[in-house]
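The data block below is data_13.csv; it holds CSV, C-alpha atoms.
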```csv
chain,number,residue,atom,x,y,z
A,1,ASP,CA,51.6,64.4,78.9
A,2,ALA,CA,50.0,65.2,82.2
A,3,LYS,CA,51.9,63.8,85.2
A,4,THR,CA,48.9,63.3,87.3
A,5,THR,CA,45.9,60.9,87.5
A,6,GLN,CA,42.5,61.8,88.9
A,7,PRO,CA,39.2,60.1,89.1
A,8,THR,CA,37.0,61.0,86.1
A,9,SER,CA,34.1,62.1,88.2
A,10,MET,CA,32.8,62.5,91.7
A,11,ASP,CA,29.6,63.5,93.4
A,12,CYS,CA,29.3,65.4,96.7
A,13,ALA,CA,26.3,66.5,98.7
A,14,GLU,CA,25.8,70.2,99.1
A,15,GLY,CA,27.2,71.4,102.4
A,16,ARG,CA,29.5,68.4,102.8
A,17,ALA,CA,33.2,68.4,102.3
A,18,ALA,CA,34.4,67.5,98.9
A,19,ASN,CA,37.7,65.5,98.9
A,20,LEU,CA,39.4,65.3,95.5
A,21,PRO,CA,42.4,63.0,95.2
A,22,CYS,CA,45.3,63.3,92.8
A,23,ASN,CA,48.2,60.9,92.2
A,24,HIS,CA,51.5,62.3,91.1
A,25,SER,CA,53.9,59.4,91.8
A,26,THR,CA,56.6,60.7,89.5
A,27,ILE,CA,56.7,64.2,90.9
A,28,SER,CA,60.2,65.8,91.0
A,29,GLY,CA,61.7,67.6,94.0
A,30,ASN,CA,61.3,71.1,92.4
A,31,GLU,CA,57.7,70.5,91.2
A,32,TYR,CA,54.7,72.2,92.8
A,33,VAL,CA,51.2,70.8,93.0
A,34,TYR,CA,48.6,73.2,91.6
A,35,TRP,CA,44.9,72.9,91.6
A,36,TYR,CA,42.7,74.8,89.1
A,37,ARG,CA,39.0,74.4,88.4
A,38,GLN,CA,36.9,75.2,85.3
A,39,ILE,CA,33.3,76.0,85.5
A,40,HIS,CA,31.4,75.3,82.3
A,41,SER,CA,32.4,77.7,79.4
A,42,GLN,CA,34.8,79.7,81.6
A,43,GLY,CA,38.5,79.9,81.8
A,44,PRO,CA,40.4,78.0,84.5
A,45,GLN,CA,40.3,79.5,88.0
A,46,TYR,CA,43.3,79.2,90.3
A,47,ILE,CA,42.5,77.4,93.6
A,48,ILE,CA,45.7,76.7,95.5
A,49,HIS,CA,49.2,75.3,95.2
A,50,GLY,CA,51.9,73.8,97.4
A,51,LEU,CA,55.3,72.2,97.5
A,52,LYS,CA,55.3,69.8,100.4
A,53,ASN,CA,53.5,71.5,103.3
A,54,ASN,CA,49.7,71.5,103.6
A,55,GLU,CA,48.2,74.7,102.5
A,56,THR,CA,44.9,76.5,103.2
A,57,ASN,CA,43.2,79.5,101.8
A,58,GLU,CA,39.8,81.0,101.6
A,59,MET,CA,38.7,78.5,98.9
A,60,ALA,CA,40.2,75.2,99.9
A,61,SER,CA,42.8,73.1,101.7
A,62,LEU,CA,45.6,71.1,100.0
A,63,ILE,CA,46.9,68.1,101.8
A,64,ILE,CA,50.1,66.6,100.3
A,65,THR,CA,51.4,63.3,101.5
A,66,GLU,CA,54.8,63.1,103.1
A,67,ASP,CA,56.3,61.3,100.1
A,68,ARG,CA,54.6,63.9,97.8
A,69,LYS,CA,53.3,61.2,95.6
A,70,SER,CA,49.7,62.1,96.1
A,71,SER,CA,47.5,65.0,97.3
A,72,THR,CA,44.0,65.8,98.2
A,73,LEU,CA,42.1,69.0,97.5
A,74,ILE,CA,39.4,69.7,100.2
A,75,LEU,CA,36.5,72.0,99.7
A,76,PRO,CA,35.2,72.2,103.2
A,77,HIS,CA,31.6,73.0,102.6
A,78,ALA,CA,30.7,72.4,99.0
A,79,THR,CA,28.0,74.5,97.3
A,80,LEU,CA,26.2,74.1,94.0
A,81,ARG,CA,28.5,76.7,92.5
A,82,ASP,CA,31.5,74.4,93.2
A,83,THR,CA,30.3,72.1,90.4
A,84,ALA,CA,33.2,72.2,87.9
A,85,VAL,CA,36.1,70.2,86.5
A,86,TYR,CA,39.0,70.2,88.9
A,87,TYR,CA,42.5,69.9,87.5
A,88,CYS,CA,45.5,68.8,89.5
A,89,ILE,CA,48.8,69.9,87.8
A,90,VAL,CA,52.4,69.5,88.8
A,91,ARG,CA,54.8,72.0,87.5
A,92,PRO,CA,58.2,73.5,88.4
A,93,ASN,CA,57.8,77.0,89.7
A,94,ASN,CA,60.3,78.5,87.4
A,95,TYR,CA,60.3,80.6,84.3
A,96,GLY,CA,59.5,78.8,81.0
A,97,GLN,CA,57.2,76.1,82.2
A,98,ASN,CA,53.5,76.2,81.3
A,99,PHE,CA,50.6,74.2,82.7
A,100,VAL,CA,49.8,70.8,81.2
A,101,PHE,CA,46.2,69.9,81.7
A,102,GLY,CA,45.0,66.4,82.1
A,103,PRO,CA,41.3,65.4,81.9
A,104,GLY,CA,40.6,66.4,85.5
A,105,THR,CA,37.8,65.4,87.8
A,106,ARG,CA,34.3,66.4,87.1
A,107,LEU,CA,32.8,67.3,90.5
A,108,SER,CA,29.0,67.4,90.7
A,109,VAL,CA,27.6,69.0,93.9
A,110,LEU,CA,24.1,67.7,94.4
A,111,PRO,CA,21.3,69.5,96.4
B,1,GLY,CA,44.5,88.2,91.9
B,2,ALA,CA,45.6,89.5,88.5
B,3,VAL,CA,43.1,89.8,85.7
B,4,VAL,CA,43.3,88.6,82.2
B,5,SER,CA,40.7,89.6,79.7
B,6,GLN,CA,39.8,88.2,76.3
B,7,HIS,CA,37.9,89.8,73.5
B,8,PRO,CA,35.5,88.9,72.0
B,9,SER,CA,33.9,86.4,74.4
B,10,ARG,CA,32.2,84.7,71.6
B,11,VAL,CA,32.3,85.1,67.8
B,12,ILE,CA,30.6,83.5,64.9
B,13,CYS,CA,32.2,83.7,61.5
B,14,LYS,CA,31.8,82.2,58.1
B,15,SER,CA,34.1,79.6,56.7
B,16,GLY,CA,37.0,81.1,54.9
B,17,THR,CA,37.2,84.3,56.9
B,18,SER,CA,39.7,85.3,59.5
B,19,VAL,CA,39.1,86.0,63.2
B,20,LYS,CA,41.3,87.9,65.7
B,21,ILE,CA,41.1,87.2,69.4
B,22,GLU,CA,42.7,89.6,71.9
B,23,CYS,CA,44.2,88.6,75.2
B,24,ARG,CA,45.1,91.4,77.7
B,25,SER,CA,46.7,91.4,81.1
B,26,LEU,CA,44.9,94.2,82.8
B,27,ASP,CA,47.0,95.0,85.9
B,28,PHE,CA,50.3,93.3,85.4
B,29,GLN,CA,52.9,92.9,82.7
B,30,ALA,CA,53.3,89.5,81.0
B,31,THR,CA,56.4,88.7,79.0
B,32,THR,CA,54.9,85.3,78.2
B,33,MET,CA,51.4,84.4,77.1
B,34,PHE,CA,50.0,81.0,76.3
B,35,TRP,CA,47.2,80.1,73.9
B,36,TYR,CA,45.1,77.0,74.6
B,37,ARG,CA,42.3,75.3,72.7
B,38,GLN,CA,39.5,73.3,74.2
B,39,PHE,CA,37.1,71.1,72.4
B,40,PRO,CA,33.8,70.1,74.0
B,41,LYS,CA,34.2,67.8,76.9
B,42,LYS,CA,38.0,67.7,76.5
B,43,SER,CA,40.8,69.3,78.4
B,44,LEU,CA,42.8,72.3,77.5
B,45,MET,CA,45.5,71.7,74.9
B,46,LEU,CA,48.4,74.2,74.6
B,47,MET,CA,48.7,75.6,71.1
B,48,ALA,CA,51.5,78.0,71.4
B,49,THR,CA,53.7,80.1,73.6
B,50,SER,CA,54.3,83.7,72.8
B,51,ASN,CA,57.0,85.9,74.2
B,52,GLU,CA,56.8,89.7,73.9
B,53,GLY,CA,58.8,90.9,70.9
B,54,SER,CA,59.7,87.6,69.5
B,55,LYS,CA,58.1,84.8,67.4
B,56,ALA,CA,55.7,82.4,69.0
B,57,THR,CA,56.6,78.8,69.7
B,58,TYR,CA,54.0,76.4,68.4
B,59,GLU,CA,53.2,72.9,69.7
B,60,GLN,CA,53.5,70.0,67.4
B,61,GLY,CA,50.6,69.7,65.1
B,62,VAL,CA,49.6,73.3,65.3
B,63,GLU,CA,49.9,75.2,62.0
B,64,LYS,CA,51.7,78.5,62.6
B,65,ASP,CA,50.5,79.9,59.3
B,66,LYS,CA,46.9,79.2,60.3
B,67,PHE,CA,47.1,80.4,63.9
B,68,LEU,CA,49.0,83.7,63.8
B,69,ILE,CA,50.1,85.0,67.1
B,70,ASN,CA,51.4,88.5,67.8
B,71,HIS,CA,52.7,89.6,71.2
B,72,ALA,CA,53.6,93.2,70.5
B,73,SER,CA,53.4,94.5,74.1
B,74,LEU,CA,53.7,93.3,77.6
B,75,THR,CA,50.0,93.5,78.1
B,76,LEU,CA,48.6,92.3,74.7
B,77,SER,CA,48.7,89.1,72.7
B,78,THR,CA,46.5,88.4,69.7
B,79,LEU,CA,45.6,85.1,68.0
B,80,THR,CA,44.3,85.3,64.5
B,81,VAL,CA,42.6,82.2,63.0
B,82,THR,CA,43.1,82.6,59.3
B,83,SER,CA,40.8,81.0,56.7
B,84,ALA,CA,38.7,79.5,59.4
B,85,HIS,CA,36.9,76.2,58.9
B,86,PRO,CA,34.1,74.5,60.9
B,87,GLU,CA,36.7,72.2,62.5
B,88,ASP,CA,38.4,75.3,64.0
B,89,SER,CA,35.3,75.9,66.1
B,90,SER,CA,36.4,75.6,69.7
B,91,PHE,CA,36.9,77.4,73.0
B,92,TYR,CA,40.2,79.4,72.9
B,93,ILE,CA,41.8,80.4,76.2
B,94,CYS,CA,44.8,82.5,76.8
B,95,SER,CA,47.0,82.7,79.8
B,96,ALA,CA,49.5,85.3,80.9
B,97,ARG,CA,52.6,84.8,83.0
B,98,GLU,CA,53.4,87.6,85.4
B,99,THR,CA,56.8,89.1,84.8
B,100,SER,CA,57.9,88.8,88.4
B,101,ALA,CA,59.7,86.5,90.7
B,102,HIS,CA,56.6,84.4,91.4
B,103,TYR,CA,56.0,83.6,87.7
B,104,GLU,CA,52.3,83.0,88.4
B,105,GLN,CA,50.1,82.3,85.5
B,106,TYR,CA,46.6,83.7,85.1
B,107,PHE,CA,43.9,82.5,82.7
B,108,GLY,CA,41.5,84.5,80.6
B,109,PRO,CA,37.7,83.8,80.4
B,110,GLY,CA,38.0,82.2,77.0
B,111,THR,CA,36.6,82.9,73.5
B,112,ARG,CA,34.0,80.7,72.0
B,113,LEU,CA,34.6,80.5,68.2
B,114,THR,CA,31.9,79.1,65.9
B,115,VAL,CA,32.7,78.8,62.2
B,116,THR,CA,29.6,78.2,60.0
```
Could you show the structure in this file as structure tokens?
Amino acid sequence: DAKTTQPTSMDCAEGRAANLPCNHSTISGNEYVYWYRQIHSQGPQYIIHGLKNNETNEMASLIITEDRKSSTLILPHATLRDTAVYYCIVRPNNYGQNFVFGPGTRLSVLP
Amino acid sequence: GAVVSQHPSRVICKSGTSVKIECRSLDFQATTMFWYRQFPKKSLMLMATSNEGSKATYEQGVEKDKFLINHASLTLSTLTVTSAHPEDSSFYICSARETSAHYEQYFGPGTRLTVT
């Protein structure tokens, strides 16, 4: 079973920041928080991951709370092409563990 | 990032026939590859884990004789759906784990199987 809970769906206006929350209250000390997204009829695309520090890359920022029980993915300037299902996954970063996908959040970026 | 390809991207077959789907890691070696299945409006469900040179490990409820997996090299895994039925119609996605210290996992673009 997935170890995360996310809102089923969210809307965001084009050009605005999209903030996608994720709860992972049972996260273990060796588990990372990963975010992937899946655009319709495509494979999942890696976005970002982190352990406890906030992370930023060219796609997004990841904000992890100090107790690590929740996190927020931020798309700073959402575009129509960011419309997708966003998956928050916790996983140990060691050999042998695969990704367990929950239902994710369906983000709709509106013009 | 690393690239994983799948072939074919979509296939239509008749009920009772077998279909082979290939998954290749294009610029890295993958000791482990994963096969997922995704039904419409549902999330990805892991079907099996394959390790190069050994038998695949199947998730509970997945028939190993129906979904044959071969991982003969560090860059290729194949999934064969045998005696396909309409209920096997789905989106099949593979993922490859990089054989390095980072153990990053990369996903293929998926294969849409329709059984008529």
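Take atom CA of Thr99 of chain B and atom CA of Val62 of chain B: the distance between them is 26.1 Å.
Atom CA of Tyr87 of chain A is positioned 13.5 Å from atom CA of Tyr32 of chain A.
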One decimal, Å: what's the distance from atom CA of Ser89 of chain B over to atom CA of Tyr36 of chain A, could you say?
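For atom CA of Ser89 of chain B relative to atom CA of Tyr36 of chain A, the distance reads 24.2 Å.
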Can you work out which residues from chain B touch chain A at a cut-off of 7 Å (counting all atoms listed in the file) and hand them back as a list of chain:residue names?
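Close to chain A, chain B has B:Lys42, B:Ser43, B:Leu44, B:Ile93, B:Tyr103, B:Phe107, B:Gly108, B:Pro109, B:Gly110.
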Write to file, as a compact mmCIF listing (two decimals), keeping the file's coordinate frame, the residues of the selection just made, with C-alpha atoms.
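again.txt was written with the following content:
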```
# COMPACT_ATOMS: atom_id res chain seq x y z
CA LYS B 42 38.00 67.70 76.50
CA SER B 43 40.80 69.30 78.40
CA LEU B 44 42.80 72.30 77.50
CA ILE B 93 41.80 80.40 76.20
CA TYR B 103 56.00 83.60 87.70
CA PHE B 107 43.90 82.50 82.70
CA GLY B 108 41.50 84.50 80.60
CA PRO B 109 37.70 83.80 80.40
CA GLY B 110 38.00 82.20 77.00
```
Can you pull out the residues contacting Ala17 of chain A? Cut-off 10 Å, using all atoms listed in the file, and skip same-chain residues under 2 positions away; I want them as a list in words.
Cys12, Ala13, Glu14, Gly15, Asn19, Leu20, Ile74, Leu75, Pro76, His77, Ala78 and Thr79 of chain A
Check the smallest atom-to-atom distance from each of A:His24, A:His49, A:Lys3, A:Arg106 to Leu73 of chain A using all atoms listed in the file, then report the winner.
A:His49
Excluding Thr4 of chain A and any residue of its chain fewer than 4 positions from it, enumerate the residues within 9 Å of it, using all atoms listed in the file, and give them as a ChimeraX atom specification.
/A:22-27,70,88-90,102
Counting only C-alpha atoms, figure out which residue out of B:Ala48, B:Ile69, B:Leu74, B:Cys13 gets nearest to Gln29 of chain B.
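Ranked by minimum distance to Gln29 of chain B, first place goes to B:Leu74.
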With all atoms listed in the file as the counted atoms, please give the residues lying no more than 8 Å from Ser108 of chain A, apart from itself and same-chain residues fewer than 3 positions off, as an NGL selection string.
:A and (9-12 or 80 or 82-84)
Segment 10-60 of chain A from the block above, C-alpha atoms, as a PDB file, in the first residue's frame, please?
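After the write, selection.pdb holds the following:
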```pdb
ATOM      1  CA  MET A  10      -6.546  20.413  -7.785  1.00  0.00           C
ATOM      2  CA  ASP A  11      -6.926  23.309 -10.169  1.00  0.00           C
ATOM      3  CA  CYS A  12      -4.399  26.039 -10.784  1.00  0.00           C
ATOM      4  CA  ALA A  13      -4.469  29.113 -12.983  1.00  0.00           C
ATOM      5  CA  GLU A  14      -1.880  29.283 -15.720  1.00  0.00           C
ATOM      6  CA  GLY A  15       1.132  31.333 -14.672  1.00  0.00           C
ATOM      7  CA  ARG A  16       0.433  30.936 -10.980  1.00  0.00           C
ATOM      8  CA  ALA A  17       2.278  28.702  -8.562  1.00  0.00           C
ATOM      9  CA  ALA A  18       0.859  25.219  -8.064  1.00  0.00           C
ATOM     10  CA  ASN A  19       1.315  23.869  -4.543  1.00  0.00           C
ATOM     11  CA  LEU A  20       0.669  20.160  -4.239  1.00  0.00           C
ATOM     12  CA  PRO A  21       0.553  18.758  -0.702  1.00  0.00           C
ATOM     13  CA  CYS A  22       1.422  15.258   0.429  1.00  0.00           C
ATOM     14  CA  ASN A  23       1.074  13.629   3.819  1.00  0.00           C
ATOM     15  CA  HIS A  24       3.474  10.855   4.812  1.00  0.00           C
ATOM     16  CA  SER A  25       3.062  10.693   8.564  1.00  0.00           C
ATOM     17  CA  THR A  26       4.550   7.190   8.864  1.00  0.00           C
ATOM     18  CA  ILE A  27       7.727   7.946   6.950  1.00  0.00           C
ATOM     19  CA  SER A  28      10.841   6.213   8.246  1.00  0.00           C
ATOM     20  CA  GLY A  29      14.205   7.823   8.815  1.00  0.00           C
ATOM     21  CA  ASN A  30      15.765   6.199   5.751  1.00  0.00           C
ATOM     22  CA  GLU A  31      12.913   6.964   3.361  1.00  0.00           C
ATOM     23  CA  TYR A  32      13.115   9.640   0.730  1.00  0.00           C
ATOM     24  CA  VAL A  33      10.195  11.617  -0.673  1.00  0.00           C
ATOM     25  CA  TYR A  34       9.928  11.332  -4.446  1.00  0.00           C
ATOM     26  CA  TRP A  35       7.628  13.169  -6.810  1.00  0.00           C
ATOM     27  CA  TYR A  36       6.724  11.903 -10.257  1.00  0.00           C
ATOM     28  CA  ARG A  37       4.091  13.064 -12.687  1.00  0.00           C
ATOM     29  CA  GLN A  38       2.244  11.308 -15.451  1.00  0.00           C
ATOM     30  CA  ILE A  39       0.839  13.122 -18.413  1.00  0.00           C
ATOM     31  CA  HIS A  40      -2.018  11.325 -20.125  1.00  0.00           C
ATOM     32  CA  SER A  41      -0.942   8.104 -21.861  1.00  0.00           C
ATOM     33  CA  GLN A  42       2.734   8.568 -21.036  1.00  0.00           C
ATOM     34  CA  GLY A  43       5.091   6.945 -18.571  1.00  0.00           C
ATOM     35  CA  PRO A  44       5.835   8.598 -15.216  1.00  0.00           C
ATOM     36  CA  GLN A  45       8.316  11.459 -15.331  1.00  0.00           C
ATOM     37  CA  TYR A  46      10.708  12.122 -12.472  1.00  0.00           C
ATOM     38  CA  ILE A  47      10.381  15.579 -10.931  1.00  0.00           C
ATOM     39  CA  ILE A  48      12.370  15.795  -7.722  1.00  0.00           C
ATOM     40  CA  HIS A  49      13.236  13.958  -4.523  1.00  0.00           C
ATOM     41  CA  GLY A  50      14.581  14.781  -1.079  1.00  0.00           C
ATOM     42  CA  LEU A  51      15.301  13.393   2.359  1.00  0.00           C
ATOM     43  CA  LYS A  52      14.868  16.242   4.819  1.00  0.00           C
ATOM     44  CA  ASN A  53      16.244  19.400   3.246  1.00  0.00           C
ATOM     45  CA  ASN A  54      14.255  21.484   0.812  1.00  0.00           C
ATOM     46  CA  GLU A  55      15.249  20.835  -2.782  1.00  0.00           C
ATOM     47  CA  THR A  56      14.963  22.839  -5.982  1.00  0.00           C
ATOM     48  CA  ASN A  57      15.657  22.014  -9.595  1.00  0.00           C
ATOM     49  CA  GLU A  58      14.670  23.379 -12.959  1.00  0.00           C
ATOM     50  CA  MET A  59      11.209  21.826 -12.731  1.00  0.00           C
ATOM     51  CA  ALA A  60      10.065  22.373  -9.184  1.00  0.00           C
TER      52      ALA A  60
END
```
